[in-house]
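Asker: What follows is model-v7.txt; its format and atoms are compact mmCIF, C-alpha atoms (C1' of nucleotides).
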```
# COMPACT_ATOMS: atom_id res chain seq x y z
CA MET B 18 -16.63 -13.61 16.29
CA ASP B 19 -13.59 -12.49 14.28
CA GLN B 20 -10.16 -12.11 15.79
CA LEU B 21 -10.11 -8.32 15.90
CA SER B 22 -13.55 -8.10 17.50
CA ALA B 23 -12.55 -10.64 20.12
CA THR B 24 -9.42 -8.65 20.90
CA PHE B 25 -11.26 -5.35 21.22
CA ALA B 26 -13.95 -6.98 23.34
CA ALA B 27 -11.31 -8.47 25.64
CA LEU B 28 -9.62 -5.08 25.98
CA ALA B 29 -12.87 -3.29 26.79
CA ASP B 30 -12.70 -4.46 30.41
CA PRO B 31 -10.36 -2.55 32.79
CA THR B 32 -9.74 -5.64 34.93
CA ARG B 33 -8.50 -7.54 31.89
CA ARG B 34 -6.28 -4.66 30.80
CA ALA B 35 -4.84 -4.56 34.31
CA ILE B 36 -4.13 -8.29 34.11
CA LEU B 37 -2.28 -7.78 30.84
CA ALA B 38 -0.29 -4.95 32.40
CA ARG B 39 0.67 -7.18 35.29
CA LEU B 40 1.78 -9.90 32.88
CA THR B 41 4.28 -7.55 31.25
CA GLU B 42 6.35 -8.10 34.41
CA GLY B 43 6.43 -11.82 33.79
CA PRO B 44 4.24 -14.93 34.19
CA ALA B 45 1.90 -15.17 37.16
CA THR B 46 -0.48 -17.66 38.74
CA VAL B 47 -4.22 -17.11 38.91
CA LYS B 48 -3.94 -16.37 42.62
CA GLU B 49 -1.28 -13.74 42.04
CA LEU B 50 -3.31 -12.13 39.29
CA SER B 51 -6.42 -11.96 41.46
CA GLU B 52 -4.57 -10.34 44.39
CA PRO B 53 -5.07 -6.68 43.32
CA PHE B 54 -8.82 -7.08 42.78
CA ASP B 55 -11.57 -7.72 45.28
CA ILE B 56 -13.56 -9.97 43.02
CA SER B 57 -13.96 -13.71 43.39
CA GLY B 58 -11.67 -16.38 41.97
CA PRO B 59 -14.22 -17.63 39.46
CA ALA B 60 -14.62 -14.09 38.12
CA ILE B 61 -10.86 -13.94 37.49
CA SER B 62 -11.01 -17.37 35.85
CA LYS B 63 -13.65 -16.04 33.45
CA HIS B 64 -11.54 -13.01 32.60
CA LEU B 65 -8.58 -15.29 31.91
CA ARG B 66 -10.70 -17.46 29.66
CA VAL B 67 -11.72 -14.40 27.64
CA LEU B 68 -8.08 -13.33 27.35
CA GLU B 69 -7.06 -16.84 26.36
CA LYS B 70 -9.77 -17.12 23.69
CA ALA B 71 -8.63 -13.77 22.31
CA GLY B 72 -5.11 -15.19 22.14
CA LEU B 73 -3.76 -12.57 24.53
CA ILE B 74 -2.47 -15.06 27.07
CA THR B 75 -1.22 -18.64 27.12
CA ARG B 76 -1.48 -20.94 30.09
CA GLY B 77 0.84 -23.59 31.44
CA ARG B 78 0.52 -26.27 34.06
CA GLU B 79 2.84 -26.66 37.02
CA ALA B 80 1.49 -28.91 39.76
CA GLN B 81 -1.67 -27.19 41.02
CA TRP B 82 -0.77 -23.87 39.42
CA ARG B 83 -1.78 -22.62 35.98
CA PRO B 84 0.76 -19.92 35.21
CA CYS B 85 -0.39 -17.28 32.73
CA GLN B 86 1.85 -15.63 30.20
CA LEU B 87 1.31 -12.63 27.98
CA ASP B 88 1.01 -13.11 24.22
CA ALA B 89 0.92 -9.69 22.63
CA THR B 90 0.50 -10.86 19.03
CA PRO B 91 -3.13 -9.71 18.78
CA LEU B 92 -2.08 -6.30 20.08
CA LYS B 93 0.05 -5.86 17.01
CA GLU B 94 -3.12 -6.19 14.92
CA VAL B 95 -4.74 -3.56 17.12
CA ALA B 96 -1.80 -1.20 16.65
CA VAL B 97 -1.79 -1.74 12.89
CA TRP B 98 -5.53 -1.18 12.70
CA ALA B 99 -5.34 2.05 14.71
CA GLU B 100 -2.36 3.32 12.74
CA ASN B 101 -4.51 3.36 9.61
CA TYR B 102 -6.39 6.27 11.21
CA ARG B 103 -3.28 8.22 12.12
CA ARG B 104 -3.80 10.83 9.40
CA PHE B 105 -7.17 11.65 10.99
CA TRP B 106 -5.73 12.56 14.35
CA ASP B 107 -2.29 13.76 13.36
CA ALA B 108 -2.22 17.56 12.88
CA SER B 109 0.48 17.52 10.23
CA TYR B 110 -1.49 15.02 8.20
CA THR B 111 -4.56 17.22 8.60
CA ARG B 112 -2.59 20.14 7.18
CA LEU B 113 -1.42 17.88 4.37
CA ASP B 114 -5.01 16.92 3.64
CA ALA B 115 -6.00 20.59 3.53
CA LEU B 116 -3.15 21.29 1.15
CA LEU B 117 -4.15 18.45 -1.12
CA THR B 118 -7.75 19.62 -1.15
CA GLU B 119 -6.61 23.13 -2.02
CA LEU B 120 -4.46 21.83 -4.87
CA LYS B 121 -7.31 19.79 -6.20
CA GLU B 122 -9.57 22.86 -6.22
CA THR B 123 -7.09 25.06 -8.02
CA GLU B 124 -6.68 22.37 -10.65
CA GLN B 125 -10.32 22.57 -11.67
CA MET U 6 -17.08 3.69 32.08
CA ASP U 7 -13.67 5.21 31.38
CA GLN U 8 -12.73 6.63 27.99
CA LEU U 9 -10.45 3.79 26.91
CA SER U 10 -12.98 1.11 27.84
CA ALA U 11 -15.70 2.95 25.94
CA THR U 12 -13.46 3.17 22.89
CA PHE U 13 -12.52 -0.51 22.95
CA ALA U 14 -16.16 -1.48 23.50
CA ALA U 15 -17.22 0.65 20.53
CA LEU U 16 -14.55 -0.93 18.35
CA ALA U 17 -15.55 -4.47 19.33
CA ASP U 18 -18.44 -4.42 16.87
CA PRO U 19 -17.65 -5.03 13.17
CA THR U 20 -20.57 -2.88 12.00
CA ARG U 21 -19.23 0.06 13.95
CA ARG U 22 -15.71 -0.45 12.61
CA ALA U 23 -17.17 -0.55 9.08
CA ILE U 24 -18.96 2.73 9.77
CA LEU U 25 -15.70 4.33 10.87
CA ALA U 26 -13.99 3.01 7.74
CA ARG U 27 -16.72 4.54 5.60
CA LEU U 28 -16.32 7.87 7.39
CA THR U 29 -12.65 8.06 6.40
CA GLU U 30 -13.97 8.90 2.93
CA GLY U 31 -15.81 11.90 4.29
CA PRO U 32 -19.01 12.78 6.19
CA ALA U 33 -22.17 10.78 5.56
CA THR U 34 -25.80 10.79 6.51
CA VAL U 35 -27.38 8.05 8.60
CA LYS U 36 -29.13 6.74 5.51
CA GLU U 37 -25.89 6.51 3.57
CA LEU U 38 -24.16 4.78 6.45
CA SER U 39 -26.92 2.20 6.77
CA GLU U 40 -26.85 1.38 3.04
CA PRO U 41 -24.21 -1.41 3.16
CA PHE U 42 -25.93 -3.29 6.02
CA ASP U 43 -29.21 -5.11 6.05
CA ILE U 44 -30.14 -4.05 9.52
CA SER U 45 -32.85 -1.57 10.44
CA GLY U 46 -32.44 2.17 10.78
CA PRO U 47 -32.90 2.20 14.54
CA ALA U 48 -30.10 -0.35 14.85
CA ILE U 49 -27.78 1.99 12.95
CA SER U 50 -28.93 4.88 15.13
CA LYS U 51 -27.89 2.90 18.20
CA HIS U 52 -24.49 2.13 16.74
CA LEU U 53 -24.01 5.82 15.98
CA ARG U 54 -24.93 6.74 19.53
CA VAL U 55 -22.31 4.33 20.85
CA LEU U 56 -19.71 5.83 18.51
CA GLU U 57 -20.73 9.34 19.51
CA LYS U 58 -20.53 8.57 23.24
CA ALA U 59 -17.08 7.12 22.68
CA GLY U 60 -16.13 10.38 20.97
CA LEU U 61 -15.38 8.63 17.69
CA ILE U 62 -17.87 10.63 15.65
CA THR U 63 -19.48 14.05 15.78
CA ARG U 64 -22.86 14.87 14.34
CA GLY U 65 -24.17 17.93 12.58
CA ARG U 66 -27.57 19.11 11.53
CA GLU U 67 -28.56 20.03 8.01
CA ALA U 68 -32.30 20.16 7.40
CA GLN U 69 -33.59 16.64 8.00
CA TRP U 70 -30.13 15.10 7.79
CA ARG U 71 -27.70 14.51 10.65
CA PRO U 72 -24.36 14.16 8.90
CA CYS U 73 -21.77 12.12 10.79
CA GLN U 74 -18.09 12.89 10.80
CA LEU U 75 -15.12 10.89 11.99
CA ASP U 76 -13.21 12.04 15.07
CA ALA U 77 -10.17 9.81 15.40
CA THR U 78 -8.82 11.36 18.60
CA PRO U 79 -9.72 8.35 20.78
CA LEU U 80 -7.95 6.11 18.26
CA LYS U 81 -4.72 7.88 19.08
CA GLU U 82 -5.15 6.74 22.67
CA VAL U 83 -5.70 3.20 21.41
CA ALA U 84 -2.55 3.36 19.28
CA VAL U 85 -0.52 4.74 22.18
CA TRP U 86 -1.87 2.09 24.53
CA ALA U 87 -1.07 -0.74 22.11
CA GLU U 88 2.39 0.65 21.34
CA ASN U 89 3.33 0.11 24.98
CA TYR U 90 3.18 -3.62 24.24
CA ARG U 91 5.31 -3.42 21.11
CA ARG U 92 8.35 -4.97 22.77
CA PHE U 93 6.25 -8.06 23.53
CA TRP U 94 5.41 -8.74 19.92
CA ASP U 95 8.42 -7.29 18.19
CA ALA U 96 11.10 -9.93 17.61
CA SER U 97 14.03 -7.52 17.81
CA TYR U 98 12.78 -6.26 21.15
CA THR U 99 12.48 -9.84 22.31
CA ARG U 100 16.12 -10.40 21.41
CA LEU U 101 16.98 -7.19 23.24
CA ASP U 102 15.11 -8.42 26.28
CA ALA U 103 17.02 -11.70 26.16
CA LEU U 104 20.28 -9.78 25.92
CA LEU U 105 19.39 -7.60 28.89
CA THR U 106 18.44 -10.64 30.95
CA GLU U 107 21.74 -12.26 30.05
CA LEU U 108 23.64 -9.15 31.05
CA LYS U 109 21.78 -8.94 34.34
CA GLU U 110 22.68 -12.54 35.12
CA THR U 111 26.38 -12.13 34.37
CA GLU U 112 26.43 -9.08 36.64
CA GLN U 113 25.43 -11.07 39.68
C1' DG K 19 -52.10 22.07 5.09
C1' DG K 20 -50.87 17.36 3.49
C1' DG K 21 -47.53 14.10 1.90
C1' DT K 22 -42.78 12.44 1.87
C1' DT K 23 -38.29 11.64 3.60
C1' DA K 24 -34.73 11.40 7.44
C1' DA K 25 -33.90 10.15 11.75
C1' DA K 26 -34.77 9.37 16.70
C1' DT K 27 -37.47 7.34 20.46
C1' DA K 28 -40.22 3.82 22.70
C1' DA K 29 -41.25 -0.71 23.82
C1' DC K 30 -40.01 -5.06 23.44
C1' DC K 31 -37.19 -9.64 22.89
C1' DT K 32 -33.16 -12.41 23.33
C1' DG K 33 -28.43 -13.39 24.14
C1' DT K 34 -24.43 -12.52 26.50
C1' DG K 35 -21.12 -10.37 30.00
C1' DG K 36 -19.65 -9.93 34.52
C1' DG K 37 -20.57 -11.02 38.91
C1' DT K 38 -21.94 -14.29 42.78
C1' DT K 39 -21.88 -18.85 45.79
C1' DA K 40 -21.36 -23.72 46.03
C1' DA K 41 -19.46 -27.81 44.49
C1' DG K 42 -15.96 -30.44 41.88
C1' DT K 43 -11.11 -31.55 40.33
C1' DA K 44 -6.29 -31.96 40.97
C1' DA K 45 -2.01 -31.70 43.10
C1' DG K 46 1.12 -31.23 47.29
C1' DC K 47 1.83 -32.72 52.00
C1' DG K 48 1.37 -34.46 56.85
C1' DC Q 19 -5.57 -41.62 53.71
C1' DG Q 20 -7.12 -37.04 54.86
C1' DC Q 21 -6.30 -32.04 54.79
C1' DT Q 22 -5.10 -27.93 52.46
C1' DT Q 23 -4.26 -25.08 48.44
C1' DA Q 24 -5.16 -23.72 43.56
C1' DC Q 25 -8.22 -23.49 40.25
C1' DT Q 26 -12.37 -24.67 37.34
C1' DT Q 27 -17.15 -25.76 36.56
C1' DA Q 28 -22.02 -25.31 37.45
C1' DA Q 29 -25.97 -22.82 38.41
C1' DC Q 30 -27.81 -18.70 39.01
C1' DC Q 31 -28.74 -13.35 38.89
C1' DC Q 32 -28.98 -8.97 36.84
C1' DA Q 33 -27.69 -5.46 33.62
C1' DC Q 34 -26.92 -4.27 29.18
C1' DA Q 35 -25.98 -4.95 24.06
C1' DG Q 36 -27.91 -5.58 19.65
C1' DG Q 37 -31.68 -6.42 17.17
C1' DT Q 38 -36.78 -5.78 15.93
C1' DT Q 39 -41.42 -3.09 14.80
C1' DA Q 40 -44.27 0.80 15.66
C1' DT Q 41 -44.56 5.52 16.70
C1' DT Q 42 -42.97 10.28 16.95
C1' DT Q 43 -40.32 14.38 15.58
C1' DA Q 44 -38.62 17.45 12.19
C1' DA Q 45 -37.77 19.34 7.90
C1' DC Q 46 -38.64 19.75 2.92
C1' DC Q 47 -41.83 20.19 -1.00
C1' DC Q 48 -46.18 20.63 -3.62
```
Let me see whether you can do it: turn the structure in this file into structure tokens.
Answerer:
Amino acid sequence: MDQLSATFAALADPTRRAILARLTEGPATVKELSEPFDISGPAISKHLRVLEKAGLITRGREAQWRPCQLDATPLKEVAVWAENYRRFWDASYTRLDALLTELKETEQ
Amino acid sequence: MDQLSATFAALADPTRRAILARLTEGPATVKELSEPFDISGPAISKHLRVLEKAGLITRGREAQWRPCQLDATPLKEVAVWAENYRRFWDASYTRLDALLTELKETEQ
DNA sequence: GGGTTAAATAACCTGTGGGTTAAGTAAGCG
DNA sequence: CGCTTACTTAACCCACAGGTTATTTAACCC
């Protein structure tokens, strides 16, 4: 699976997006991250593994804790990818497109 | 499934992203869209249904053709969502964060 | 009407995603 | 050493995603 697909797949789950949001406030342990959800520890571990494989988090080791930290690098790729479609949602670009089309027609 | 999750899930597949890229060049029929891939028609139909449910394409009806058209609106949501993480990948923001932290510490 | 083309639907297979519980690993602590 | 805490791994379940082939629907064309 390519990098971008892995990133999108990781982001498709609300729990994982919530984990990323929490990590914007700073590093956290697995226990802390699991607090807001009523799903089991192993389920959280799996989510973290997906995020780690997608390169969205890095993990440390401090005694019996495995602190997680956000790595937003892949999100830059997402932003860049989405930006390429800006002209298709942006109204001013749409008007520009219409203008260009019109010009092209009058040329012929 | 919420809108954002549906969008990310739709974007997680490379075939579907390729279809969106093709549709930036203008509307296309199902046949035309399936041309570049060596997967069956029904498989393409399923991909299109996913894209349609995510609101990324709209479909018309012209005789026996069902032309597909790009609707990038959900991609704006993606861009906005990703932009919220800009300060975590942008180096200058990182330096700003460091500066703010430093300031906060000297205040105490 | 009969044949052809475009596309969707149905039925099926297989892999994987997200969840569970139970057991294992690893570190702190009395 | 033995107990507790933090976390992972293993084994399992079920739903769904992505693919297939075969069939159906719908429209055009002769």
Asker: Tell me which protein, DNA and RNA residues are within 12 Å of stretch 59-68 of chain B, counting only C-alpha atoms (C1' of nucleotides), leaving out same-chain ones fewer than 3 positions away, and put them as a count of residues only.
Answerer: 55
Asker: Select all residues from chain U having any atom no more than 8 Å from an atom of chain Q (counting only C-alpha atoms (C1' of nucleotides), ignoring ligands), output as number ranges by chain.
Answerer: U: 45, 48, 68-69
Asker: So how many Å separate atom CA of B:Val97 and atom CA of U:Arg92, to one decimal?
Answerer: 14.5 Å
Asker: One decimal, in Å: what's the spacing between atom C1' of K:DA45 and atom CA of B:Pro44?
Answerer: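 Calculated distance between atom C1' of K:DA45 and atom CA of B:Pro44 is 20.0 Å.
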Asker: For chain K, which residues have at least one atom within 12 Å of chain U, if we go by all atoms listed in the file? Write them as a PyMOL selection string, please.
Answerer: chain K and resi 22-28
Asker: Report the distance between atom C1' of K:DC31 and atom CA of B:Lys70 in Å, rounded to one decimal place.
Answerer: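 Atom CA of B:Lys70 lies 28.4 Å from atom C1' of K:DC31.
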Asker: Could you check the closest approach to chain B for each of U:Thr78, U:Thr111, U:Trp86, U:Ala26 and tell me which residue wins, using all atoms listed in the file?
Answerer: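 Of U:Thr78, U:Thr111, U:Trp86, U:Ala26, the one nearest chain B, counting all atoms listed in the file, is U:Thr78.
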Asker: Can you rebuild stretch 86-109 of chain U with N, CA, C and O atoms and give it as a PDB file, keeping the file's coordinate frame?
Answerer:
```
ATOM      1  N   TRP U  86      -1.739   3.192  23.576  1.00  0.00           N
ATOM      2  CA  TRP U  86      -1.870   2.090  24.530  1.00  0.00           C
ATOM      3  C   TRP U  86      -1.235   0.821  23.958  1.00  0.00           C
ATOM      4  O   TRP U  86      -0.450   0.148  24.634  1.00  0.00           O
ATOM      5  N   ALA U  87      -1.583   0.496  22.718  1.00  0.00           N
ATOM      6  CA  ALA U  87      -1.070  -0.740  22.110  1.00  0.00           C
ATOM      7  C   ALA U  87       0.441  -0.674  21.934  1.00  0.00           C
ATOM      8  O   ALA U  87       1.141  -1.672  22.136  1.00  0.00           O
ATOM      9  N   GLU U  88       0.945   0.499  21.572  1.00  0.00           N
ATOM     10  CA  GLU U  88       2.390   0.650  21.340  1.00  0.00           C
ATOM     11  C   GLU U  88       3.210   0.271  22.572  1.00  0.00           C
ATOM     12  O   GLU U  88       4.347  -0.176  22.452  1.00  0.00           O
ATOM     13  N   ASN U  89       2.616   0.462  23.753  1.00  0.00           N
ATOM     14  CA  ASN U  89       3.330   0.110  24.980  1.00  0.00           C
ATOM     15  C   ASN U  89       3.628  -1.385  25.063  1.00  0.00           C
ATOM     16  O   ASN U  89       4.438  -1.817  25.887  1.00  0.00           O
ATOM     17  N   TYR U  90       2.974  -2.178  24.221  1.00  0.00           N
ATOM     18  CA  TYR U  90       3.180  -3.620  24.240  1.00  0.00           C
ATOM     19  C   TYR U  90       4.052  -4.066  23.066  1.00  0.00           C
ATOM     20  O   TYR U  90       4.256  -5.246  22.867  1.00  0.00           O
ATOM     21  N   ARG U  91       4.540  -3.087  22.314  1.00  0.00           N
ATOM     22  CA  ARG U  91       5.310  -3.420  21.110  1.00  0.00           C
ATOM     23  C   ARG U  91       6.457  -4.390  21.412  1.00  0.00           C
ATOM     24  O   ARG U  91       6.661  -5.373  20.694  1.00  0.00           O
ATOM     25  N   ARG U  92       7.183  -4.127  22.495  1.00  0.00           N
ATOM     26  CA  ARG U  92       8.350  -4.970  22.770  1.00  0.00           C
ATOM     27  C   ARG U  92       7.954  -6.426  23.024  1.00  0.00           C
ATOM     28  O   ARG U  92       8.800  -7.304  22.987  1.00  0.00           O
ATOM     29  N   PHE U  93       6.663  -6.679  23.267  1.00  0.00           N
ATOM     30  CA  PHE U  93       6.250  -8.060  23.530  1.00  0.00           C
ATOM     31  C   PHE U  93       5.816  -8.789  22.268  1.00  0.00           C
ATOM     32  O   PHE U  93       5.559  -9.979  22.296  1.00  0.00           O
ATOM     33  N   TRP U  94       5.705  -8.038  21.166  1.00  0.00           N
ATOM     34  CA  TRP U  94       5.410  -8.740  19.920  1.00  0.00           C
ATOM     35  C   TRP U  94       6.543  -8.572  18.916  1.00  0.00           C
ATOM     36  O   TRP U  94       6.662  -9.368  17.991  1.00  0.00           O
ATOM     37  N   ASP U  95       7.353  -7.567  19.135  1.00  0.00           N
ATOM     38  CA  ASP U  95       8.420  -7.290  18.190  1.00  0.00           C
ATOM     39  C   ASP U  95       9.620  -8.197  18.461  1.00  0.00           C
ATOM     40  O   ASP U  95      10.159  -8.223  19.556  1.00  0.00           O
ATOM     41  N   ALA U  96      10.038  -8.938  17.445  1.00  0.00           N
ATOM     42  CA  ALA U  96      11.100  -9.930  17.610  1.00  0.00           C
ATOM     43  C   ALA U  96      12.412  -9.288  18.047  1.00  0.00           C
ATOM     44  O   ALA U  96      13.107  -9.800  18.917  1.00  0.00           O
ATOM     45  N   SER U  97      12.745  -8.137  17.471  1.00  0.00           N
ATOM     46  CA  SER U  97      14.030  -7.520  17.810  1.00  0.00           C
ATOM     47  C   SER U  97      14.035  -7.092  19.273  1.00  0.00           C
ATOM     48  O   SER U  97      15.041  -7.214  19.958  1.00  0.00           O
ATOM     49  N   TYR U  98      12.868  -6.623  19.742  1.00  0.00           N
ATOM     50  CA  TYR U  98      12.780  -6.260  21.150  1.00  0.00           C
ATOM     51  C   TYR U  98      12.915  -7.491  22.026  1.00  0.00           C
ATOM     52  O   TYR U  98      13.497  -7.449  23.099  1.00  0.00           O
ATOM     53  N   THR U  99      12.384  -8.605  21.539  1.00  0.00           N
ATOM     54  CA  THR U  99      12.480  -9.840  22.310  1.00  0.00           C
ATOM     55  C   THR U  99      13.954 -10.221  22.449  1.00  0.00           C
ATOM     56  O   THR U  99      14.414 -10.600  23.522  1.00  0.00           O
ATOM     57  N   ARG U 100      14.690 -10.093  21.347  1.00  0.00           N
ATOM     58  CA  ARG U 100      16.120 -10.400  21.410  1.00  0.00           C
ATOM     59  C   ARG U 100      16.823  -9.434  22.366  1.00  0.00           C
ATOM     60  O   ARG U 100      17.676  -9.827  23.136  1.00  0.00           O
ATOM     61  N   LEU U 101      16.392  -8.173  22.322  1.00  0.00           N
ATOM     62  CA  LEU U 101      16.980  -7.190  23.240  1.00  0.00           C
ATOM     63  C   LEU U 101      16.703  -7.570  24.683  1.00  0.00           C
ATOM     64  O   LEU U 101      17.596  -7.513  25.533  1.00  0.00           O
ATOM     65  N   ASP U 102      15.463  -7.985  24.941  1.00  0.00           N
ATOM     66  CA  ASP U 102      15.110  -8.420  26.280  1.00  0.00           C
ATOM     67  C   ASP U 102      15.998  -9.573  26.731  1.00  0.00           C
ATOM     68  O   ASP U 102      16.512  -9.586  27.845  1.00  0.00           O
ATOM     69  N   ALA U 103      16.174 -10.542  25.837  1.00  0.00           N
ATOM     70  CA  ALA U 103      17.020 -11.700  26.160  1.00  0.00           C
ATOM     71  C   ALA U 103      18.435 -11.243  26.489  1.00  0.00           C
ATOM     72  O   ALA U 103      19.039 -11.702  27.468  1.00  0.00           O
ATOM     73  N   LEU U 104      18.936 -10.307  25.702  1.00  0.00           N
ATOM     74  CA  LEU U 104      20.280  -9.780  25.920  1.00  0.00           C
ATOM     75  C   LEU U 104      20.383  -9.105  27.284  1.00  0.00           C
ATOM     76  O   LEU U 104      21.332  -9.335  28.043  1.00  0.00           O
ATOM     77  N   LEU U 105      19.393  -8.306  27.610  1.00  0.00           N
ATOM     78  CA  LEU U 105      19.390  -7.600  28.890  1.00  0.00           C
ATOM     79  C   LEU U 105      19.352  -8.586  30.054  1.00  0.00           C
ATOM     80  O   LEU U 105      20.059  -8.412  31.048  1.00  0.00           O
ATOM     81  N   THR U 106      18.537  -9.615  29.907  1.00  0.00           N
ATOM     82  CA  THR U 106      18.440 -10.640  30.950  1.00  0.00           C
ATOM     83  C   THR U 106      19.795 -11.301  31.146  1.00  0.00           C
ATOM     84  O   THR U 106      20.263 -11.490  32.269  1.00  0.00           O
ATOM     85  N   GLU U 107      20.423 -11.617  30.017  1.00  0.00           N
ATOM     86  CA  GLU U 107      21.740 -12.260  30.050  1.00  0.00           C
ATOM     87  C   GLU U 107      22.749 -11.372  30.782  1.00  0.00           C
ATOM     88  O   GLU U 107      23.472 -11.832  31.660  1.00  0.00           O
ATOM     89  N   LEU U 108      22.729 -10.109  30.420  1.00  0.00           N
ATOM     90  CA  LEU U 108      23.640  -9.150  31.050  1.00  0.00           C
ATOM     91  C   LEU U 108      23.410  -9.096  32.563  1.00  0.00           C
ATOM     92  O   LEU U 108      24.341  -9.094  33.343  1.00  0.00           O
ATOM     93  N   LYS U 109      22.122  -9.043  32.925  1.00  0.00           N
ATOM     94  CA  LYS U 109      21.780  -8.940  34.340  1.00  0.00           C
ATOM     95  C   LYS U 109      22.320 -10.154  35.110  1.00  0.00           C
ATOM     96  O   LYS U 109      22.818 -10.044  36.222  1.00  0.00           O
TER      97      LYS U 109
END
```
